file upload_25.txt (compact mmCIF, C-alpha atoms)
# COMPACT_ATOMS: atom_id res chain seq x y z
CA MET A 1 69.75 130.94 21.38
CA MET A 2 72.51 128.34 21.28
CA PRO A 3 72.05 125.44 23.73
CA LYS A 4 74.44 125.37 26.65
CA PHE A 5 77.04 122.64 26.91
CA THR A 6 76.60 120.09 29.69
CA LEU A 7 79.49 121.53 31.71
CA GLN A 8 77.95 124.99 31.48
CA ARG A 9 74.60 123.74 32.63
CA HIS A 10 76.12 121.68 35.48
CA PRO A 11 79.14 123.51 36.97
CA ARG A 12 79.61 120.77 39.55
CA TYR A 13 80.54 118.40 36.71
CA ALA A 14 83.24 120.82 35.61
CA ILE A 15 84.61 121.02 39.14
CA GLY A 16 84.61 117.22 39.42
CA LEU A 17 86.38 116.86 36.07
CA LEU A 18 89.06 119.37 37.04
CA ALA A 19 89.59 117.56 40.35
CA LEU A 20 89.96 114.26 38.49
CA VAL A 21 92.52 115.73 36.08
CA PHE A 22 94.48 117.26 38.95
CA CYS A 23 94.52 114.00 40.94
CA GLY A 24 95.67 112.09 37.87
CA TYR A 25 98.48 114.56 37.28
CA TRP A 26 99.55 114.41 40.94
CA PHE A 27 99.53 110.61 40.89
CA LEU A 28 101.64 110.39 37.74
CA THR A 29 104.18 113.00 38.80
CA ARG A 30 104.42 112.55 42.56
CA SER A 31 103.37 109.00 43.46
CA PRO A 32 106.47 106.95 44.32
CA LEU A 33 107.23 103.23 44.28
CA ARG A 34 105.00 102.52 41.27
CA ARG A 35 107.66 101.72 38.69
CA SER A 36 110.76 99.59 38.91
CA VAL A 37 114.10 100.21 37.24
CA THR A 38 116.45 98.03 35.24
CA TYR A 39 120.17 98.55 35.73
CA GLN A 40 122.56 98.69 32.80
CA LEU A 41 126.34 98.63 32.62
CA SER A 42 127.81 101.92 31.42
CA HIS A 43 131.18 101.47 29.73
CA ASP A 44 132.41 104.99 30.49
CA LEU A 45 131.22 104.88 34.09
CA GLN A 46 132.80 101.46 34.61
CA LEU A 47 136.14 102.76 33.29
CA ARG A 48 136.08 105.55 35.89
CA LEU A 49 135.16 103.11 38.66
CA ASP A 50 137.94 100.72 37.64
CA ARG A 51 140.47 103.54 37.72
CA GLU A 52 139.36 104.58 41.20
CA GLU A 53 139.52 101.01 42.45
CA ARG A 54 143.10 100.62 41.21
CA LYS A 55 144.01 103.90 42.86
CA TYR A 56 142.40 102.88 46.14
CA ARG A 57 144.09 99.49 46.26
CA ALA A 58 147.43 101.13 45.53
CA MET A 59 146.95 103.16 48.71
CA LEU A 60 146.51 100.11 50.96
CA PRO A 61 150.19 99.06 51.07
CA GLN A 62 151.05 102.66 51.97
CA ARG A 63 148.79 102.36 55.00
CA GLN A 64 150.64 99.25 56.10
CA GLU A 65 153.98 100.98 55.62
CA LEU A 66 152.78 103.89 57.76
CA ILE A 67 151.70 101.47 60.48
CA GLN A 68 155.09 99.78 60.44
CA ARG A 69 156.84 103.12 60.57
CA PHE A 70 155.08 104.38 63.69
CA GLY A 71 154.02 101.08 65.31
CA PRO A 72 155.35 98.83 64.08
CA THR A 73 152.11 96.94 64.87
CA PRO A 74 148.55 98.30 65.12
CA ALA A 75 148.49 97.51 68.84
CA GLN A 76 151.38 99.92 69.41
CA LEU A 77 149.80 102.89 67.65
CA ALA A 78 148.08 105.69 69.53
CA MET A 79 144.96 107.18 67.98
CA PHE A 80 146.27 110.67 68.73
CA PRO A 81 149.98 110.79 69.70
CA PRO A 82 150.80 112.87 72.78
CA ASN A 83 152.39 116.27 72.46
CA GLN A 84 155.90 115.10 73.28
CA ASP A 85 159.07 113.81 71.69
CA PRO A 86 159.29 112.26 69.11
CA TRP A 87 156.06 113.99 67.93
CA PRO A 88 155.04 111.45 65.26
CA PRO A 89 153.26 113.42 62.51
CA TYR A 90 149.94 111.61 62.29
CA THR A 91 146.46 111.15 63.75
CA VAL A 92 144.23 108.13 63.23
CA TRP A 93 142.48 109.85 60.33
CA ASP A 94 145.71 109.95 58.29
CA PHE A 95 145.61 106.16 57.92
CA PHE A 96 142.16 106.22 56.30
CA PRO A 97 142.13 108.88 53.55
CA PRO A 98 139.11 109.14 51.21
CA VAL A 99 141.20 108.63 48.07
CA TYR A 100 138.36 107.04 46.09
CA SER A 101 136.83 109.77 43.93
CA CYS A 102 133.09 109.90 43.37
CA PRO A 103 132.48 109.46 39.60
CA HIS A 104 129.71 112.10 39.71
CA GLU A 105 129.16 115.54 41.22
CA VAL A 106 129.81 115.89 44.96
CA ASP A 107 127.51 118.23 46.87
CA ARG A 108 127.12 119.31 50.46
CA LEU A 109 123.41 119.20 51.22
CA GLY A 110 121.80 120.99 54.13
CA ALA A 111 122.81 123.83 56.39
CA LEU A 112 126.28 125.30 56.72
CA ALA A 113 128.24 124.32 59.83
CA ASP A 114 126.69 121.40 61.71
CA GLY A 115 123.88 119.64 59.87
CA GLY A 116 125.04 119.54 56.23
CA LYS A 117 126.29 116.28 54.69
CA TRP A 118 128.38 115.39 51.66
CA MET A 119 126.80 113.28 48.95
CA CYS A 120 127.94 111.77 45.67
CA GLY A 121 125.71 112.06 42.61
CA ILE A 122 122.36 113.30 43.85
CA SER A 123 121.48 113.80 40.18
CA ARG A 124 121.51 110.01 39.85
CA ILE A 125 118.47 109.65 42.11
CA GLN A 126 116.61 112.93 41.60
CA ASP A 127 114.09 111.26 39.25
CA LYS A 128 114.42 107.65 40.42
CA PRO A 129 110.91 106.35 41.08
CA ASP A 130 111.82 103.66 43.65
CA CYS A 131 114.18 105.82 45.71
CA VAL A 132 114.35 105.02 49.43
CA ILE A 133 116.52 106.89 51.96
CA TYR A 134 117.10 106.07 55.64
CA SER A 135 118.43 108.57 58.18
CA PHE A 136 119.24 107.58 61.77
CA GLY A 137 120.03 109.99 64.61
CA ILE A 138 118.73 113.49 64.00
CA ASP A 139 119.09 115.57 67.18
CA SER A 140 117.62 118.95 66.16
CA SER A 141 118.83 119.40 62.58
CA TYR A 142 116.66 118.30 59.68
CA SER A 143 118.23 120.48 57.01
CA PHE A 144 119.89 117.57 55.22
CA GLU A 145 116.71 115.51 55.02
CA ALA A 146 114.67 118.52 53.92
CA THR A 147 117.20 119.33 51.18
CA LEU A 148 117.12 115.73 49.97
CA LEU A 149 113.36 115.90 49.69
CA GLN A 150 113.52 119.22 47.86
CA SER A 151 116.18 117.91 45.45
CA THR A 152 114.34 114.73 44.41
CA ARG A 153 110.92 113.99 42.94
CA PHE A 154 110.11 110.59 44.33
CA CYS A 155 112.50 109.78 47.19
CA GLN A 156 110.79 108.55 50.33
CA VAL A 157 112.86 109.49 53.40
CA TRP A 158 112.57 107.44 56.59
CA ILE A 159 113.79 109.44 59.59
CA TYR A 160 114.49 107.60 62.84
CA ASP A 161 115.60 108.85 66.23
CA SER A 162 115.38 107.24 69.67
CA THR A 163 113.99 110.41 71.25
CA LYS A 164 111.67 111.76 68.54
CA GLY A 165 108.70 110.40 66.64
CA ASP A 166 105.94 111.93 64.53
CA GLY A 167 106.27 115.22 66.39
CA ALA A 168 109.44 115.91 64.41
CA GLN A 169 107.51 116.37 61.17
CA GLU A 170 107.18 120.08 61.92
CA TYR A 171 110.83 120.45 60.88
CA ILE A 172 110.03 119.34 57.33
CA PRO A 173 108.28 121.82 55.00
CA ARG A 174 104.58 121.00 54.76
CA ALA A 175 104.70 120.46 50.99
CA LEU A 176 107.29 117.68 51.42
CA ARG A 177 105.80 115.79 54.38
CA ASP A 178 103.98 113.25 52.21
CA ARG A 179 107.42 111.75 51.43
CA ALA A 180 108.85 111.98 54.96
CA HIS A 181 108.23 109.21 57.50
CA PHE A 182 109.18 109.33 61.17
CA GLY A 183 109.81 106.68 63.78
CA LYS A 184 110.94 106.74 67.40
CA LEU A 185 113.51 103.97 67.66
CA ALA A 186 117.24 103.28 67.84
CA LEU A 187 119.34 101.45 65.27
CA GLY A 188 121.41 98.80 66.98
CA SER A 189 123.15 95.44 66.85
CA SER A 190 120.20 93.46 68.17
CA ASP A 191 116.42 93.47 68.10
CA ARG A 192 114.96 94.59 71.40
CA HIS A 193 111.57 96.17 70.81
CA GLY A 194 109.21 94.42 73.18
CA ASP A 195 106.68 96.14 75.41
CA GLY A 196 109.24 96.67 78.17
CA ASP A 197 112.10 97.83 75.96
CA HIS A 198 112.90 101.55 75.99
CA PRO A 199 114.15 102.81 73.68
CA LYS A 200 113.06 100.31 71.08
CA MET A 201 116.09 98.93 69.25
CA TRP A 202 115.99 97.46 65.77
CA THR A 203 118.62 96.07 63.43
CA LEU A 204 118.75 97.49 59.93
CA LYS A 205 117.73 94.12 58.48
CA SER A 206 114.60 94.01 60.67
CA ILE A 207 113.59 97.60 59.87
CA MET A 208 113.96 96.99 56.14
CA ALA A 209 111.90 93.81 56.37
CA GLU A 210 109.19 95.61 58.36
CA ASN A 211 109.06 98.41 55.79
CA GLY A 212 109.13 96.03 52.82
CA HIS A 213 112.39 97.45 51.47
CA SER A 214 115.17 95.50 49.77
CA HIS A 215 117.46 98.42 48.86
CA ILE A 216 118.31 101.86 50.24
CA GLU A 217 119.76 104.52 47.95
CA PHE A 218 121.35 106.52 50.76
CA LEU A 219 121.95 105.49 54.37
CA ARG A 220 122.89 108.10 56.97
CA LEU A 221 124.03 107.23 60.51
CA ASP A 222 124.87 109.44 63.48
CA ILE A 223 124.27 107.16 66.46
CA GLU A 224 126.71 108.54 69.01
CA GLY A 225 129.28 105.77 69.37
CA TRP A 226 126.97 102.82 68.70
CA GLU A 227 128.16 102.64 65.09
CA TRP A 228 130.91 100.10 65.83
CA GLU A 229 128.79 97.18 66.98
CA THR A 230 125.81 98.23 64.86
CA PHE A 231 127.77 98.15 61.64
CA ARG A 232 129.39 94.85 62.51
CA ARG A 233 125.88 93.44 62.75
CA ILE A 234 124.89 94.99 59.40
CA ILE A 235 127.88 93.35 57.74
CA GLU A 236 127.11 90.00 59.41
CA ASP A 237 123.49 90.17 58.26
CA PHE A 238 124.18 90.94 54.61
CA THR A 239 127.61 89.46 53.84
CA THR A 240 129.57 86.32 54.68
CA GLU A 241 133.23 85.58 55.18
CA GLY A 242 135.21 85.07 52.00
CA ALA A 243 135.65 81.52 50.79
CA ALA A 244 139.43 81.70 50.93
CA PRO A 245 141.84 83.70 53.09
CA PRO A 246 144.20 86.20 51.42
CA THR A 247 147.36 84.70 49.96
CA GLY A 248 150.81 86.12 49.48
CA ALA A 249 153.55 87.59 51.63
CA LYS A 250 152.54 89.14 54.92
CA PHE A 251 153.33 92.56 56.31
CA VAL A 252 154.53 92.75 59.89
CA THR A 253 151.03 94.03 60.70
CA GLY A 254 149.42 90.82 59.48
CA ALA A 255 147.98 92.36 56.31
CA ASP A 256 148.35 90.53 53.04
CA GLU A 257 150.82 92.11 50.63
CA ALA A 258 148.60 91.41 47.64
CA SER A 259 145.35 92.81 49.05
CA GLY A 260 146.58 95.18 51.78
CA TRP A 261 144.00 93.73 54.20
CA SER A 262 144.37 91.35 57.13
CA MET A 263 141.17 89.52 56.16
CA ALA A 264 139.63 88.03 53.04
CA GLU A 265 137.17 90.01 50.97
CA ARG A 266 133.64 89.22 52.08
CA ASP A 267 130.95 87.74 49.85
CA GLY A 268 127.60 89.42 49.42
CA ILE A 269 126.25 92.90 48.80
CA LEU A 270 125.31 95.49 51.39
CA PRO A 271 121.74 96.77 50.88
CA PHE A 272 122.54 100.43 50.18
CA GLY A 273 124.24 102.44 47.47
CA GLN A 274 125.85 105.09 49.63
CA LEU A 275 126.69 105.55 53.29
CA GLN A 276 127.24 108.73 55.28
CA ILE A 277 128.33 108.10 58.86
CA GLU A 278 129.75 110.09 61.75
CA LEU A 279 132.49 108.20 63.58
CA HIS A 280 133.00 108.78 67.29
CA VAL A 281 136.37 107.32 68.30
CA TRP A 282 135.99 107.88 72.02
CA LYS A 283 138.04 105.22 73.85
CA GLN A 284 138.68 103.34 70.60
CA ARG A 285 141.97 101.51 70.15
CA PHE A 286 143.75 101.79 66.82
CA GLU A 287 143.87 98.03 66.23
CA ASP A 288 140.10 97.75 66.80
CA PHE A 289 139.38 100.71 64.54
CA LEU A 290 141.58 99.21 61.81
CA GLN A 291 139.78 95.88 61.95
CA TRP A 292 136.37 97.59 61.83
CA TRP A 293 137.44 99.74 58.89
CA GLU A 294 138.74 96.73 56.97
CA LEU A 295 135.34 95.06 57.44
CA LEU A 296 133.80 97.97 55.54
CA GLU A 297 136.45 97.88 52.82
CA THR A 298 136.27 94.13 52.28
CA SER A 299 132.46 94.43 52.05
CA GLY A 300 132.73 96.82 49.11
CA LEU A 301 132.65 100.30 50.69
CA ARG A 302 135.02 103.01 49.48
CA PRO A 303 135.37 106.40 51.23
CA PHE A 304 135.21 109.39 48.92
CA HIS A 305 134.91 112.23 51.44
CA CYS A 306 135.84 113.05 55.04
CA GLU A 307 134.88 116.07 57.13
CA ILE A 308 136.37 116.45 60.60
CA ASN A 309 133.84 117.72 63.14
CA VAL A 310 135.69 120.88 64.13
CA VAL A 311 132.65 122.16 66.05
CA TYR A 312 133.09 119.32 68.54
CA ALA A 313 136.89 119.76 68.51
CA ASN A 314 136.53 123.44 69.33
CA TYR A 315 134.48 122.73 72.44
CA ASN A 316 136.60 119.75 73.52
CA ARG A 317 140.12 120.99 73.02
CA HIS A 318 141.46 118.85 75.85
CA SER A 319 140.78 115.70 73.79
CA GLY A 320 141.73 114.66 70.28
CA VAL A 321 139.83 115.39 67.09
CA GLU A 322 137.56 112.47 67.87
CA LEU A 323 134.63 112.96 65.51
CA ALA A 324 134.73 112.70 61.73
CA GLU A 325 132.05 112.27 59.08
CA TYR A 326 132.86 109.87 56.25
CA SER A 327 130.98 109.30 53.02
CA PHE A 328 131.26 105.90 51.31
CA LEU A 329 130.25 104.53 47.94
CA ASN A 330 129.18 100.90 47.64
CA VAL A 331 131.05 99.57 44.60
CA ARG A 332 129.22 96.24 44.48
CA GLY A 333 125.91 95.10 43.05
CA ASN A 334 123.35 97.31 41.38
CA ASN A 335 122.87 100.86 42.56
CA ALA A 336 122.29 104.19 40.86
CA TYR A 337 125.77 105.51 41.61
CA ILE A 338 127.74 102.76 39.86
CA LYS A 339 125.35 101.76 37.06
CA ASP A 340 122.96 103.48 34.72
CA TYR A 341 119.31 102.52 34.87
CA VAL A 342 116.16 102.78 32.83
CA VAL A 343 112.68 103.11 34.27
CA GLY A 344 110.48 100.15 33.46
CA GLY A 345 106.79 100.18 32.73
CA PRO A 346 104.14 99.98 35.42
CA GLY A 347 104.60 96.75 37.34
CA GLU A 348 103.18 95.08 40.35
CA GLU A 349 102.37 97.23 43.32
CA HIS A 350 105.19 97.38 45.83
CA GLN A 351 104.52 96.16 49.31
CA GLN A 352 103.07 98.93 51.41
CA PRO A 353 105.72 99.88 54.02
CA ALA A 354 104.82 99.75 57.67
CA ASP A 355 104.03 102.94 59.52
CA PRO A 356 107.44 103.76 61.07
CA ALA A 357 105.77 105.38 64.06
CA ALA A 358 104.28 101.98 64.94
CA LEU A 359 107.62 100.19 65.03
CA ASP A 360 108.48 101.54 68.48
CA GLY A 361 105.41 99.93 69.98
CA ARG A 362 105.32 96.60 68.20
CA ALA A 363 106.81 93.53 69.90
CA ARG A 364 108.22 90.52 68.12

call {"tool": "encode", "arguments": {"input": "upload_25.txt", "output": "structure tokens"}}
result
Amino acid sequence: MMPKFTLQRHPRYAIGLLALVFCGYWFLTRSPLRRSVTYQLSHDLQLRLDREERKYRAMLPQRQELIQRFGPTPAQLAMFPPNQDPWPPYTVWDFFPPVYSCPHEVDRLGALADGGKWMCGISRIQDKPDCVIYSFGIDSSYSFEATLLQSTRFCQVWIYDSTKGDGAQEYIPRALRDRAHFGKLALGSSDRHGDGDHPKMWTLKSIMAENGHSHIEFLRLDIEGWEWETFRRIIEDFTTEGAAPPTGAKFVTGADEASGWSMAERDGILPFGQLQIELHVWKQRFEDFLQWWELLETSGLRPFHCEINVVYANYNRHSGVELAEYSFLNVRGNNAYIKDYVVGGPGEEHQQPADPAALDGRAR
């Protein structure tokens, strides 16, 4: 009789070996944040980006001409003109068209109707090992975040809402929850997260530092009118005023004829590759909106898609079309949407991010 092999004589060894092989496979294929990437300039991609930038800057003087036509200054423009003579044919959204084209595929991820979001080039991050995504303001729809998780291998998605914490994980399929992180807090323009602060408010810079993150692939914001001051703070934290003011002839509106903006381009790089944000223009004045928008433009953001929230408009027909979702590409620095990248070899362990659920109870 032939002797039995060791694994035949000791089945528990076979079970242990299979478990070890499975764990090794899972670690190699699913474990995120283990490998860094190196960005490389792509000649063809850069040509497309350069073309879009020229096209976008050619639009800016047209905006100023439209302001002069109906203003003639920003302070004299209504966000939504009244239904009376002379019936000027515009709304605020007509001054800010998303004429910059995404150089990759554009997809709407998530549910139809309310909940889905437009994104540029998800194929660029589907296999990126150090992919980090932040999503602020969820309400009751998690279809976008769930679709992002399903469409990528390694992306870690941090989901924050001022009214929901870990209990929201039930909205994410069980198989994807290891890459979904939840925290009960509000994104704001200041840090107020002491023991007596409710809800806890954090700036983006502070949250990123707490999590050990230096870059976000995709940033989503729906914070119900707090976006104006919050985003001013983000720009202040990550960029600085340009060294020199714009030069050249001035439009009546105060914008520079050469740049099309009333302010200098800002120095620095915002810490995300793409932004998706819902704008709520309740009680906003056109001149304030214009200044806020120019802050985004002069910091390197270019809108490539806009979707008016017609669900809100349908239920609030007495007011203007006051909600719109914009998608922006960051055309500065290194990110997966504007540069190619190669995955490096195993490097140092990344800093372990903080438990987002603990952020709402930790004072500084």

call {"tool": "closest_residue", "arguments": {"input": "upload_25.txt", "among": "A:Arg69, A:Lys117, A:Arg233, A:Arg153", "to": "Asn309 in chain A", "atoms": "only C-alpha atoms"}}
result
A:Lys117

call {"tool": "closest_residue", "arguments": {"input": "upload_25.txt", "among": "A:Glu52, A:Asp222, A:Leu290, A:Thr163", "to": "Pro103 in chain A", "atoms": "all atoms listed in the file"}}
result
A:Glu52

call {"tool": "residues_around", "arguments": {"input": "upload_25.txt", "residues": "Tyr100 in chain A", "least_positions_apart": "3", "cutoff": "10 Å", "atoms": "all atoms listed in the file", "output": "PDB file with C-alpha atoms, in the coordinates of the input"}}
result
ATOM      1  CA  LEU A  49     135.160 103.110  38.660  1.00  0.00           C
ATOM      2  CA  ARG A  51     140.470 103.540  37.720  1.00  0.00           C
ATOM      3  CA  GLU A  52     139.360 104.580  41.200  1.00  0.00           C
ATOM      4  CA  GLU A  53     139.520 101.010  42.450  1.00  0.00           C
ATOM      5  CA  ARG A  54     143.100 100.620  41.210  1.00  0.00           C
ATOM      6  CA  LYS A  55     144.010 103.900  42.860  1.00  0.00           C
ATOM      7  CA  TYR A  56     142.400 102.880  46.140  1.00  0.00           C
ATOM      8  CA  ARG A  57     144.090  99.490  46.260  1.00  0.00           C
ATOM      9  CA  MET A  59     146.950 103.160  48.710  1.00  0.00           C
ATOM     10  CA  PRO A  97     142.130 108.880  53.550  1.00  0.00           C
ATOM     11  CA  PRO A 103     132.480 109.460  39.600  1.00  0.00           C
ATOM     12  CA  LEU A 301     132.650 100.300  50.690  1.00  0.00           C
ATOM     13  CA  ARG A 302     135.020 103.010  49.480  1.00  0.00           C
ATOM     14  CA  PRO A 303     135.370 106.400  51.230  1.00  0.00           C
ATOM     15  CA  PHE A 304     135.210 109.390  48.920  1.00  0.00           C
ATOM     16  CA  HIS A 305     134.910 112.230  51.440  1.00  0.00           C
ATOM     17  CA  PHE A 328     131.260 105.900  51.310  1.00  0.00           C
ATOM     18  CA  LEU A 329     130.250 104.530  47.940  1.00  0.00           C
TER      19      LEU A 329
END

call {"tool": "residues_around", "arguments": {"input": "upload_25.txt", "residues": "Val37 in chain A", "least_positions_apart": "3", "cutoff": "7 Å", "atoms": "only C-alpha atoms", "output": "ChimeraX atom specification"}}
result
/A:341-344

call {"tool": "write_last_selection", "arguments": {"input": "upload_25.txt", "atoms": "C-alpha atoms", "output": "PDB file, keeping the file's coordinate frame"}}
result
ATOM      1  CA  TYR A 341     119.310 102.520  34.870  1.00  0.00           C
ATOM      2  CA  VAL A 342     116.160 102.780  32.830  1.00  0.00           C
ATOM      3  CA  VAL A 343     112.680 103.110  34.270  1.00  0.00           C
ATOM      4  CA  GLY A 344     110.480 100.150  33.460  1.00  0.00           C
TER       5      GLY A 344
END

call {"tool": "closest_atom_pairs", "arguments": {"input": "upload_25.txt", "of": "range 261-303 of chain A", "to": "range 194-208 of chain A", "cutoff": "12 Å", "atoms": "only C-alpha atoms", "output": "tab-separated table"}}
result
residue	atom	partner	partner_atom	distance
A:Leu270	CA	A:Lys205	CA	10.5
A:Pro271	CA	A:Lys205	CA	9.0
A:Phe272	CA	A:Leu204	CA	10.9

call {"tool": "atom_distance", "arguments": {"input": "upload_25.txt", "atom1": "CA of Ser101 in chain A", "atom2": "CA of Pro72 in chain A"}}
result
29.5 Å

call {"tool": "residues_around", "arguments": {"input": "upload_25.txt", "residues": "Gly300 in chain A", "least_positions_apart": "6", "cutoff": "10 Å", "atoms": "all atoms listed in the file", "output": "number ranges by chain"}}
result
A: 265-270, 294, 328-333

call {"tool": "closest_residue", "arguments": {"input": "upload_25.txt", "among": "A:Arg179, A:Arg232, A:His318, A:Lys164", "to": "Leu148 in chain A", "atoms": "only C-alpha atoms"}}
result
A:Arg179

call {"tool": "atom_distance", "arguments": {"input": "upload_25.txt", "atom1": "CA of Glu145 in chain A", "atom2": "CA of Ser189 in chain A"}}
result
24.2 Å

call {"tool": "atom_distance", "arguments": {"input": "upload_25.txt", "atom1": "CA of Ile223 in chain A", "atom2": "CA of Thr147 in chain A"}}
result
20.8 Å

call {"tool": "closest_residue", "arguments": {"input": "upload_25.txt", "among": "A:Ser123, A:Gln64, A:Ser259, A:Ser327", "to": "Leu219 in chain A", "atoms": "only C-alpha atoms"}}
result
A:Ser327

call {"tool": "residues_around", "arguments": {"input": "upload_25.txt", "residues": "Ile122 in chain A", "least_positions_apart": "6", "cutoff": "10 Å", "atoms": "all atoms listed in the file", "output": "PyMOL selection string"}}
result
chain A and resi 104-107+109+148+151-152+218+336-337

call {"tool": "closest_residue", "arguments": {"input": "upload_25.txt", "among": "A:Tyr171, A:Val157, A:Met79, A:Met119", "to": "Trp282 in chain A", "atoms": "all atoms listed in the file"}}
result
A:Met79

call {"tool": "closest_residue", "arguments": {"input": "upload_25.txt", "among": "A:Thr91, A:Gln169, A:Gln150, A:Thr73", "to": "Val321 in chain A", "atoms": "all atoms listed in the file"}}
result
A:Thr91

call {"tool": "residues_around", "arguments": {"input": "upload_25.txt", "residues": "Arg285 in chain A", "least_positions_apart": "4", "cutoff": "9 Å", "atoms": "only C-alpha atoms", "output": "count of residues only"}}
result
8
